[in-house]
Amino acid sequence: MITKETIKTLVEEWLQKGDYFLVDIQMDGADDRIVIEIDCADGVWIEDCAELSRFLQERVGEELGDYELEVGSAGLGQPFKVEQQYVNHVGDQVEVVTADGKKVTGVLKSVDGRSFVVSTQEKQVPEGKKRPVKVDVDREYSMDDVKSTRYLLAFK
(Lines give C-alpha, C1' and ligand atoms only; values in the text may rest on other atoms or scores of the structure.)
Protein backbone atom coordinates (compact mmCIF):
# COMPACT_ATOMS: atom_id res chain seq x y z
CA MET A 1 0.00 0.00 0.00
CA ILE A 2 1.33 3.41 -0.94
CA THR A 3 1.75 6.16 1.65
CA LYS A 4 1.48 9.93 1.43
CA GLU A 5 5.15 10.23 2.39
CA THR A 6 6.18 7.97 -0.50
CA ILE A 7 4.16 10.08 -2.93
CA LYS A 8 5.61 13.30 -1.47
CA THR A 9 9.19 12.02 -1.81
CA LEU A 10 8.64 11.05 -5.44
CA VAL A 11 6.89 14.30 -6.31
CA GLU A 12 9.72 16.31 -4.76
CA GLU A 13 12.23 14.25 -6.76
CA TRP A 14 10.39 15.12 -9.99
CA LEU A 15 10.04 18.79 -8.97
CA GLN A 16 13.82 19.22 -8.75
CA LYS A 17 13.98 19.37 -12.53
CA GLY A 18 12.20 22.71 -12.85
CA ASP A 19 10.61 25.73 -11.23
CA TYR A 20 7.53 23.88 -10.01
CA PHE A 21 6.77 23.43 -6.32
CA LEU A 22 4.43 21.19 -4.35
CA VAL A 23 1.29 22.83 -2.99
CA ASP A 24 -0.66 19.89 -1.57
CA ILE A 25 -1.17 16.14 -1.60
CA GLN A 26 -4.51 14.69 -0.59
CA MET A 27 -5.09 10.98 -0.19
CA ASP A 28 -8.66 9.91 0.33
CA GLY A 29 -9.01 6.23 1.09
CA ALA A 30 -12.79 6.45 0.99
CA ASP A 31 -12.75 7.69 -2.61
CA ASP A 32 -9.53 5.86 -3.55
CA ARG A 33 -8.10 9.14 -4.88
CA ILE A 34 -4.71 10.79 -4.71
CA VAL A 35 -4.83 14.48 -5.65
CA ILE A 36 -1.54 16.31 -6.16
CA GLU A 37 -1.44 20.08 -6.63
CA ILE A 38 1.65 21.78 -8.05
CA ASP A 39 2.32 25.40 -8.95
CA CYS A 40 4.86 27.57 -10.73
CA ALA A 41 5.48 31.31 -10.99
CA ASP A 42 4.96 31.05 -14.77
CA GLY A 43 1.84 28.91 -14.53
CA VAL A 44 1.30 25.17 -14.76
CA TRP A 45 1.20 23.42 -18.12
CA ILE A 46 -0.98 20.37 -18.71
CA GLU A 47 1.98 18.58 -20.31
CA ASP A 48 3.93 18.87 -17.06
CA CYS A 49 1.00 17.52 -15.03
CA ALA A 50 0.81 14.56 -17.42
CA GLU A 51 4.58 14.04 -17.18
CA LEU A 52 4.46 14.01 -13.36
CA SER A 53 1.55 11.57 -13.47
CA ARG A 54 3.48 9.23 -15.80
CA PHE A 55 6.58 9.55 -13.61
CA LEU A 56 4.61 8.49 -10.53
CA GLN A 57 2.93 5.61 -12.33
CA GLU A 58 6.30 4.36 -13.58
CA ARG A 59 7.86 4.59 -10.13
CA VAL A 60 5.07 3.09 -8.00
CA GLY A 61 2.88 1.37 -10.59
CA GLU A 62 1.35 -1.61 -8.79
CA GLU A 63 1.46 0.12 -5.40
CA LEU A 64 -1.11 2.63 -6.64
CA GLY A 65 -3.54 -0.24 -6.68
CA ASP A 66 -7.09 1.01 -6.96
CA TYR A 67 -6.17 4.67 -6.36
CA GLU A 68 -7.14 7.19 -9.01
CA LEU A 69 -4.22 9.58 -9.51
CA GLU A 70 -5.02 13.23 -10.27
CA VAL A 71 -2.25 15.79 -10.89
CA GLY A 72 -3.17 19.42 -11.41
CA SER A 73 -2.42 23.02 -10.64
CA ALA A 74 -3.42 25.00 -7.60
CA GLY A 75 -6.35 26.96 -9.02
CA LEU A 76 -6.10 30.71 -9.52
CA GLY A 77 -8.99 31.50 -7.20
CA GLN A 78 -7.98 28.99 -4.55
CA PRO A 79 -6.51 30.08 -1.20
CA PHE A 80 -2.73 29.99 -0.90
CA LYS A 81 -1.44 26.91 0.90
CA VAL A 82 2.36 27.33 0.87
CA GLU A 83 4.80 30.23 1.27
CA GLN A 84 5.99 30.08 -2.35
CA GLN A 85 2.51 31.03 -3.54
CA TYR A 86 2.74 34.24 -1.50
CA VAL A 87 6.20 34.98 -2.93
CA ASN A 88 4.96 34.43 -6.50
CA HIS A 89 2.15 36.97 -6.02
CA VAL A 90 4.13 39.88 -4.55
CA GLY A 91 2.85 42.97 -6.36
CA ASP A 92 -0.53 41.40 -7.11
CA GLN A 93 -3.98 42.20 -5.72
CA VAL A 94 -4.99 39.73 -2.98
CA GLU A 95 -7.87 39.14 -0.61
CA VAL A 96 -7.05 38.22 2.98
CA VAL A 97 -9.68 36.79 5.31
CA THR A 98 -8.49 37.48 8.84
CA ALA A 99 -8.96 35.16 11.81
CA ASP A 100 -12.07 37.13 12.85
CA GLY A 101 -13.58 36.83 9.34
CA LYS A 102 -12.86 40.36 8.09
CA LYS A 103 -12.01 40.60 4.38
CA VAL A 104 -9.11 42.86 3.44
CA THR A 105 -8.24 43.61 -0.18
CA GLY A 106 -4.95 45.14 -1.23
CA VAL A 107 -1.59 44.67 -2.91
CA LEU A 108 0.72 42.00 -1.53
CA LYS A 109 3.86 44.08 -0.90
CA SER A 110 6.29 41.66 0.69
CA VAL A 111 6.81 38.25 2.25
CA ASP A 112 9.26 37.53 5.05
CA GLY A 113 9.21 33.96 6.31
CA ARG A 114 5.69 33.22 7.52
CA SER A 115 4.59 36.88 7.59
CA PHE A 116 3.45 39.11 4.76
CA VAL A 117 2.47 42.74 4.21
CA VAL A 118 -0.62 43.90 2.32
CA SER A 119 -1.02 47.55 1.31
CA THR A 120 -4.63 48.73 1.42
CA GLN A 121 -6.26 52.07 0.68
CA GLU A 122 -8.18 53.57 3.56
CA LYS A 123 -9.96 56.86 4.03
CA GLN A 124 -8.40 58.99 6.74
CA VAL A 125 -8.97 62.57 7.78
CA PRO A 126 -5.64 64.41 7.83
CA GLU A 127 -5.02 66.61 10.84
CA GLY A 128 -6.52 70.05 10.31
CA LYS A 129 -8.65 68.93 7.35
CA LYS A 130 -12.37 68.25 7.10
CA ARG A 131 -12.50 65.83 4.19
CA PRO A 132 -11.09 62.35 4.27
CA VAL A 133 -8.48 61.30 1.70
CA LYS A 134 -7.40 57.85 0.60
CA VAL A 135 -4.00 56.82 1.92
CA ASP A 136 -2.01 53.62 1.55
CA VAL A 137 -1.78 51.66 4.79
CA ASP A 138 0.50 48.65 5.18
CA ARG A 139 -0.81 45.82 7.33
CA GLU A 140 1.30 42.87 8.41
CA TYR A 141 -0.21 39.41 8.77
CA SER A 142 1.02 35.97 9.73
CA MET A 143 0.21 33.09 7.38
CA ASP A 144 -0.61 31.04 10.46
CA ASP A 145 -3.14 33.59 11.79
CA VAL A 146 -5.31 34.26 8.72
CA LYS A 147 -8.15 32.07 7.50
CA SER A 148 -7.13 32.47 3.86
CA THR A 149 -5.30 34.55 1.30
CA ARG A 150 -6.09 34.34 -2.39
CA TYR A 151 -5.04 36.05 -5.59
CA LEU A 152 -7.68 38.36 -7.03
CA LEU A 153 -7.88 38.00 -10.78
CA ALA A 154 -8.52 41.41 -12.30
CA PHE A 155 -10.22 41.85 -15.66
CA LYS A 156 -9.36 45.26 -17.09
# chains A, B, ... in the order shown; residues from 1 in each chain; ligands from 1
call {"tool": "select_by_dssp", "arguments": {"residues": "segment 12-116 of chain A", "states": "strand (DSSP E or B)", "output": "ChimeraX atom specification"}}
result
/A:21-28,33-39,68-73,93-98,103-112,115-116
call {"tool": "closest_atom_pairs", "arguments": {"of": "segment 77-119 of chain A", "to": "segment 139-150 of chain A", "cutoff": "7 Å", "atoms": "only C-alpha atoms", "output": "CSV"}}
result
residue,atom,partner,partner_atom,distance
A:Gly77,CA,A:Arg150,CA,6.3
A:Gln78,CA,A:Arg150,CA,6.1
A:Pro79,CA,A:Arg150,CA,4.4
A:Phe80,CA,A:Thr149,CA,5.7
A:Val94,CA,A:Arg150,CA,5.5
A:Glu95,CA,A:Arg150,CA,5.4
A:Val96,CA,A:Thr149,CA,4.4
A:Val97,CA,A:Ser148,CA,5.2
A:Thr98,CA,A:Val146,CA,4.5
A:Ala99,CA,A:Val146,CA,4.9
A:Arg114,CA,A:Met143,CA,5.5
A:Ser115,CA,A:Ser142,CA,4.3
A:Phe116,CA,A:Tyr141,CA,5.4
A:Val117,CA,A:Glu140,CA,4.4
A:Val118,CA,A:Arg139,CA,5.4
A:Ser119,CA,A:Arg139,CA,6.3
call {"tool": "atom_distance", "arguments": {"atom1": "atom CA of Lys129 of chain A", "atom2": "atom CA of Thr105 of chain A"}}
result
26.4 Å
call {"tool": "closest_atom_pairs", "arguments": {"of": "segment 57-147 of chain A", "to": "segment 18-36 of chain A", "cutoff": "10 Å", "atoms": "only C-alpha atoms", "output": "JSON lines"}}
result
{"residue": "A:Leu64", "atom": "CA", "partner": "A:Ile34", "partner_atom": "CA", "distance": 9.1}
{"residue": "A:Gly65", "atom": "CA", "partner": "A:Asp32", "partner_atom": "CA", "distance": 9.1}
{"residue": "A:Asp66", "atom": "CA", "partner": "A:Asp32", "partner_atom": "CA", "distance": 6.4}
{"residue": "A:Tyr67", "atom": "CA", "partner": "A:Asp32", "partner_atom": "CA", "distance": 4.5}
{"residue": "A:Glu68", "atom": "CA", "partner": "A:Arg33", "partner_atom": "CA", "distance": 4.7}
{"residue": "A:Leu69", "atom": "CA", "partner": "A:Ile34", "partner_atom": "CA", "distance": 5.0}
{"residue": "A:Glu70", "atom": "CA", "partner": "A:Val35", "partner_atom": "CA", "distance": 4.8}
{"residue": "A:Val71", "atom": "CA", "partner": "A:Ile36", "partner_atom": "CA", "distance": 4.8}
{"residue": "A:Gly72", "atom": "CA", "partner": "A:Ile36", "partner_atom": "CA", "distance": 6.3}
{"residue": "A:Ser73", "atom": "CA", "partner": "A:Ile36", "partner_atom": "CA", "distance": 8.1}
{"residue": "A:Ala74", "atom": "CA", "partner": "A:Val23", "partner_atom": "CA", "distance": 6.9}
{"residue": "A:Phe80", "atom": "CA", "partner": "A:Val23", "partner_atom": "CA", "distance": 8.5}
{"residue": "A:Lys81", "atom": "CA", "partner": "A:Val23", "partner_atom": "CA", "distance": 6.3}
{"residue": "A:Val82", "atom": "CA", "partner": "A:Val23", "partner_atom": "CA", "distance": 6.0}
{"residue": "A:Glu83", "atom": "CA", "partner": "A:Val23", "partner_atom": "CA", "distance": 9.2}
{"residue": "A:Gln84", "atom": "CA", "partner": "A:Phe21", "partner_atom": "CA", "distance": 7.8}
{"residue": "A:Gln85", "atom": "CA", "partner": "A:Val23", "partner_atom": "CA", "distance": 8.3}
call {"tool": "write_last_selection", "arguments": {"atoms": "N, CA and C atoms", "output": "PDB file, in the first residue's frame"}}
result
ATOM      1  N   LEU A  64       0.039   1.733  -6.556  1.00  0.00           N
ATOM      2  CA  LEU A  64      -1.106   2.628  -6.639  1.00  0.00           C
ATOM      3  C   LEU A  64      -2.415   1.862  -6.480  1.00  0.00           C
ATOM      4  N   GLY A  65      -2.368   0.598  -6.843  1.00  0.00           N
ATOM      5  CA  GLY A  65      -3.545  -0.242  -6.677  1.00  0.00           C
ATOM      6  C   GLY A  65      -4.781   0.354  -7.291  1.00  0.00           C
ATOM      7  N   ASP A  66      -5.810   0.503  -6.476  1.00  0.00           N
ATOM      8  CA  ASP A  66      -7.087   1.014  -6.960  1.00  0.00           C
ATOM      9  C   ASP A  66      -7.195   2.533  -6.896  1.00  0.00           C
ATOM     10  N   TYR A  67      -6.113   3.212  -6.458  1.00  0.00           N
ATOM     11  CA  TYR A  67      -6.167   4.668  -6.362  1.00  0.00           C
ATOM     12  C   TYR A  67      -6.264   5.315  -7.743  1.00  0.00           C
ATOM     13  N   GLU A  68      -7.060   6.345  -7.814  1.00  0.00           N
ATOM     14  CA  GLU A  68      -7.142   7.186  -9.005  1.00  0.00           C
ATOM     15  C   GLU A  68      -6.179   8.343  -8.762  1.00  0.00           C
ATOM     16  N   LEU A  69      -5.234   8.545  -9.659  1.00  0.00           N
ATOM     17  CA  LEU A  69      -4.222   9.584  -9.512  1.00  0.00           C
ATOM     18  C   LEU A  69      -4.621  10.817 -10.313  1.00  0.00           C
ATOM     19  N   GLU A  70      -4.655  11.968  -9.631  1.00  0.00           N
ATOM     20  CA  GLU A  70      -5.016  13.226 -10.275  1.00  0.00           C
ATOM     21  C   GLU A  70      -3.920  14.248  -9.986  1.00  0.00           C
ATOM     22  N   VAL A  71      -3.297  14.785 -11.028  1.00  0.00           N
ATOM     23  CA  VAL A  71      -2.250  15.790 -10.892  1.00  0.00           C
ATOM     24  C   VAL A  71      -2.739  17.059 -11.572  1.00  0.00           C
ATOM     25  N   GLY A  72      -2.698  18.172 -10.841  1.00  0.00           N
ATOM     26  CA  GLY A  72      -3.173  19.422 -11.411  1.00  0.00           C
ATOM     27  C   GLY A  72      -2.514  20.624 -10.769  1.00  0.00           C
ATOM     28  N   SER A  73      -2.973  21.774 -11.174  1.00  0.00           N
ATOM     29  CA  SER A  73      -2.418  23.019 -10.640  1.00  0.00           C
ATOM     30  C   SER A  73      -3.290  23.521  -9.502  1.00  0.00           C
ATOM     31  N   ALA A  74      -2.655  24.306  -8.645  1.00  0.00           N
ATOM     32  CA  ALA A  74      -3.417  25.001  -7.604  1.00  0.00           C
ATOM     33  C   ALA A  74      -4.208  26.076  -8.336  1.00  0.00           C
ATOM     34  N   PHE A  80      -4.119  30.399  -0.928  1.00  0.00           N
ATOM     35  CA  PHE A  80      -2.725  29.989  -0.897  1.00  0.00           C
ATOM     36  C   PHE A  80      -2.543  28.951   0.206  1.00  0.00           C
ATOM     37  N   LYS A  81      -1.701  27.957  -0.071  1.00  0.00           N
ATOM     38  CA  LYS A  81      -1.438  26.906   0.905  1.00  0.00           C
ATOM     39  C   LYS A  81       0.014  26.866   1.360  1.00  0.00           C
ATOM     40  N   VAL A  82       0.932  27.385   0.526  1.00  0.00           N
ATOM     41  CA  VAL A  82       2.356  27.334   0.866  1.00  0.00           C
ATOM     42  C   VAL A  82       2.996  28.714   0.633  1.00  0.00           C
ATOM     43  N   GLU A  83       4.109  28.949   1.324  1.00  0.00           N
ATOM     44  CA  GLU A  83       4.798  30.233   1.266  1.00  0.00           C
ATOM     45  C   GLU A  83       5.142  30.662  -0.153  1.00  0.00           C
ATOM     46  N   GLN A  84       5.558  29.723  -0.991  1.00  0.00           N
ATOM     47  CA  GLN A  84       5.987  30.076  -2.346  1.00  0.00           C
ATOM     48  C   GLN A  84       4.869  30.742  -3.138  1.00  0.00           C
ATOM     49  N   GLN A  85       3.619  30.390  -2.852  1.00  0.00           N
ATOM     50  CA  GLN A  85       2.506  31.032  -3.543  1.00  0.00           C
ATOM     51  C   GLN A  85       2.437  32.520  -3.181  1.00  0.00           C
TER      52      GLN A  85
END
call {"tool": "closest_residue", "arguments": {"among": "A:Asp42, A:Asp48, A:Asp92, A:Glu58", "to": "Leu15 of chain A", "atoms": "only C-alpha atoms"}}
result
A:Asp48
call {"tool": "select_by_dssp", "arguments": {"residues": "chain A", "states": "alpha helix (DSSP H)", "output": "PyMOL selection string"}}
result
chain A and resi 4-15+46-60+83-88
call {"tool": "atom_distance", "arguments": {"atom1": "atom CA of Leu153 of chain A", "atom2": "atom CA of Ala50 of chain A"}}
result
25.9 Å
call {"tool": "atom_distance", "arguments": {"atom1": "atom CA of Glu63 of chain A", "atom2": "atom CA of Cys49 of chain A"}}
result
19.9 Å
call {"tool": "closest_residue", "arguments": {"among": "A:Val133, A:Leu76, A:Gln93, A:Leu56", "to": "Ala154 of chain A", "atoms": "only C-alpha atoms"}}
result
A:Gln93
call {"tool": "decode", "arguments": {"residues": "segment 84-96 of chain A", "atoms": "all heavy atoms", "output": "PDB file, in the first residue's frame"}}
result
ATOM      1  N   GLN A  84       5.558  29.723  -0.991  1.00  0.00           N
ATOM      2  CA  GLN A  84       5.987  30.076  -2.346  1.00  0.00           C
ATOM      3  C   GLN A  84       4.869  30.742  -3.138  1.00  0.00           C
ATOM      4  O   GLN A  84       5.123  31.597  -3.988  1.00  0.00           O
ATOM      5  CB  GLN A  84       6.522  28.838  -3.078  1.00  0.00           C
ATOM      6  CG  GLN A  84       7.177  29.152  -4.408  1.00  0.00           C
ATOM      7  CD  GLN A  84       8.405  30.052  -4.275  1.00  0.00           C
ATOM      8  OE1 GLN A  84       9.228  29.854  -3.405  1.00  0.00           O
ATOM      9  NE2 GLN A  84       8.512  31.042  -5.151  1.00  0.00           N
ATOM     10  N   GLN A  85       3.619  30.390  -2.852  1.00  0.00           N
ATOM     11  CA  GLN A  85       2.506  31.032  -3.543  1.00  0.00           C
ATOM     12  C   GLN A  85       2.437  32.520  -3.181  1.00  0.00           C
ATOM     13  O   GLN A  85       2.152  33.361  -4.027  1.00  0.00           O
ATOM     14  CB  GLN A  85       1.187  30.333  -3.209  1.00  0.00           C
ATOM     15  CG  GLN A  85       1.077  28.962  -3.843  1.00  0.00           C
ATOM     16  CD  GLN A  85      -0.186  28.256  -3.422  1.00  0.00           C
ATOM     17  OE1 GLN A  85      -0.380  27.943  -2.252  1.00  0.00           O
ATOM     18  NE2 GLN A  85      -1.065  28.017  -4.383  1.00  0.00           N
ATOM     19  N   TYR A  86       2.705  32.839  -1.915  1.00  0.00           N
ATOM     20  CA  TYR A  86       2.741  34.244  -1.502  1.00  0.00           C
ATOM     21  C   TYR A  86       3.861  34.971  -2.246  1.00  0.00           C
ATOM     22  O   TYR A  86       3.654  36.048  -2.796  1.00  0.00           O
ATOM     23  CB  TYR A  86       2.977  34.357   0.011  1.00  0.00           C
ATOM     24  CG  TYR A  86       1.786  34.004   0.855  1.00  0.00           C
ATOM     25  CD1 TYR A  86       1.504  32.694   1.198  1.00  0.00           C
ATOM     26  CD2 TYR A  86       0.946  34.996   1.348  1.00  0.00           C
ATOM     27  CE1 TYR A  86       0.418  32.371   2.002  1.00  0.00           C
ATOM     28  CE2 TYR A  86      -0.151  34.693   2.147  1.00  0.00           C
ATOM     29  CZ  TYR A  86      -0.408  33.373   2.470  1.00  0.00           C
ATOM     30  OH  TYR A  86      -1.483  33.072   3.253  1.00  0.00           O
ATOM     31  N   VAL A  87       5.044  34.372  -2.267  1.00  0.00           N
ATOM     32  CA  VAL A  87       6.204  34.978  -2.929  1.00  0.00           C
ATOM     33  C   VAL A  87       5.901  35.235  -4.404  1.00  0.00           C
ATOM     34  O   VAL A  87       6.218  36.303  -4.935  1.00  0.00           O
ATOM     35  CB  VAL A  87       7.455  34.078  -2.764  1.00  0.00           C
ATOM     36  CG1 VAL A  87       8.605  34.585  -3.614  1.00  0.00           C
ATOM     37  CG2 VAL A  87       7.860  33.990  -1.298  1.00  0.00           C
ATOM     38  N   ASN A  88       5.263  34.288  -5.071  1.00  0.00           N
ATOM     39  CA  ASN A  88       4.960  34.431  -6.500  1.00  0.00           C
ATOM     40  C   ASN A  88       3.972  35.555  -6.784  1.00  0.00           C
ATOM     41  O   ASN A  88       3.897  36.039  -7.906  1.00  0.00           O
ATOM     42  CB  ASN A  88       4.408  33.128  -7.069  1.00  0.00           C
ATOM     43  CG  ASN A  88       5.464  32.057  -7.208  1.00  0.00           C
ATOM     44  OD1 ASN A  88       6.653  32.296  -7.040  1.00  0.00           O
ATOM     45  ND2 ASN A  88       5.027  30.857  -7.486  1.00  0.00           N
ATOM     46  N   HIS A  89       3.190  35.958  -5.788  1.00  0.00           N
ATOM     47  CA  HIS A  89       2.152  36.967  -6.021  1.00  0.00           C
ATOM     48  C   HIS A  89       2.479  38.328  -5.407  1.00  0.00           C
ATOM     49  O   HIS A  89       1.585  39.182  -5.302  1.00  0.00           O
ATOM     50  CB  HIS A  89       0.798  36.451  -5.528  1.00  0.00           C
ATOM     51  CG  HIS A  89       0.236  35.389  -6.413  1.00  0.00           C
ATOM     52  ND1 HIS A  89      -0.316  35.661  -7.650  1.00  0.00           N
ATOM     53  CD2 HIS A  89       0.178  34.043  -6.279  1.00  0.00           C
ATOM     54  CE1 HIS A  89      -0.705  34.536  -8.220  1.00  0.00           C
ATOM     55  NE2 HIS A  89      -0.411  33.537  -7.411  1.00  0.00           N
ATOM     56  N   VAL A  90       3.734  38.550  -5.028  1.00  0.00           N
ATOM     57  CA  VAL A  90       4.129  39.878  -4.554  1.00  0.00           C
ATOM     58  C   VAL A  90       3.880  40.870  -5.692  1.00  0.00           C
ATOM     59  O   VAL A  90       4.242  40.625  -6.837  1.00  0.00           O
ATOM     60  CB  VAL A  90       5.606  39.894  -4.100  1.00  0.00           C
ATOM     61  CG1 VAL A  90       6.092  41.323  -3.887  1.00  0.00           C
ATOM     62  CG2 VAL A  90       5.786  39.087  -2.823  1.00  0.00           C
ATOM     63  N   GLY A  91       3.204  41.961  -5.368  1.00  0.00           N
ATOM     64  CA  GLY A  91       2.853  42.973  -6.365  1.00  0.00           C
ATOM     65  C   GLY A  91       1.457  42.792  -6.940  1.00  0.00           C
ATOM     66  O   GLY A  91       0.972  43.653  -7.672  1.00  0.00           O
ATOM     67  N   ASP A  92       0.815  41.689  -6.598  1.00  0.00           N
ATOM     68  CA  ASP A  92      -0.532  41.403  -7.109  1.00  0.00           C
ATOM     69  C   ASP A  92      -1.599  41.760  -6.079  1.00  0.00           C
ATOM     70  O   ASP A  92      -1.344  41.824  -4.876  1.00  0.00           O
ATOM     71  CB  ASP A  92      -0.678  39.916  -7.462  1.00  0.00           C
ATOM     72  CG  ASP A  92       0.164  39.512  -8.654  1.00  0.00           C
ATOM     73  OD1 ASP A  92       0.491  40.380  -9.487  1.00  0.00           O
ATOM     74  OD2 ASP A  92       0.495  38.314  -8.753  1.00  0.00           O
ATOM     75  N   GLN A  93      -2.812  41.941  -6.567  1.00  0.00           N
ATOM     76  CA  GLN A  93      -3.975  42.198  -5.720  1.00  0.00           C
ATOM     77  C   GLN A  93      -4.390  40.884  -5.045  1.00  0.00           C
ATOM     78  O   GLN A  93      -4.527  39.853  -5.716  1.00  0.00           O
ATOM     79  CB  GLN A  93      -5.109  42.731  -6.592  1.00  0.00           C
ATOM     80  CG  GLN A  93      -6.261  43.315  -5.855  1.00  0.00           C
ATOM     81  CD  GLN A  93      -6.037  44.765  -5.442  1.00  0.00           C
ATOM     82  OE1 GLN A  93      -4.991  45.334  -5.670  1.00  0.00           O
ATOM     83  NE2 GLN A  93      -7.017  45.334  -4.816  1.00  0.00           N
ATOM     84  N   VAL A  94      -4.576  40.918  -3.715  1.00  0.00           N
ATOM     85  CA  VAL A  94      -4.987  39.733  -2.980  1.00  0.00           C
ATOM     86  C   VAL A  94      -6.143  40.068  -2.040  1.00  0.00           C
ATOM     87  O   VAL A  94      -6.381  41.232  -1.724  1.00  0.00           O
ATOM     88  CB  VAL A  94      -3.823  39.122  -2.153  1.00  0.00           C
ATOM     89  CG1 VAL A  94      -2.714  38.597  -3.054  1.00  0.00           C
ATOM     90  CG2 VAL A  94      -3.288  40.092  -1.132  1.00  0.00           C
ATOM     91  N   GLU A  95      -6.829  39.018  -1.627  1.00  0.00           N
ATOM     92  CA  GLU A  95      -7.872  39.140  -0.608  1.00  0.00           C
ATOM     93  C   GLU A  95      -7.459  38.293   0.579  1.00  0.00           C
ATOM     94  O   GLU A  95      -7.187  37.103   0.434  1.00  0.00           O
ATOM     95  CB  GLU A  95      -9.212  38.655  -1.141  1.00  0.00           C
ATOM     96  CG  GLU A  95     -10.313  38.676  -0.086  1.00  0.00           C
ATOM     97  CD  GLU A  95     -11.588  38.036  -0.590  1.00  0.00           C
ATOM     98  OE1 GLU A  95     -11.679  36.789  -0.525  1.00  0.00           O
ATOM     99  OE2 GLU A  95     -12.466  38.771  -1.061  1.00  0.00           O
ATOM    100  N   VAL A  96      -7.404  38.917   1.748  1.00  0.00           N
ATOM    101  CA  VAL A  96      -7.050  38.222   2.985  1.00  0.00           C
ATOM    102  C   VAL A  96      -8.308  38.131   3.836  1.00  0.00           C
ATOM    103  O   VAL A  96      -9.016  39.126   4.012  1.00  0.00           O
ATOM    104  CB  VAL A  96      -5.953  38.986   3.762  1.00  0.00           C
ATOM    105  CG1 VAL A  96      -5.634  38.288   5.076  1.00  0.00           C
ATOM    106  CG2 VAL A  96      -4.704  39.142   2.916  1.00  0.00           C
TER     107      VAL A  96
END
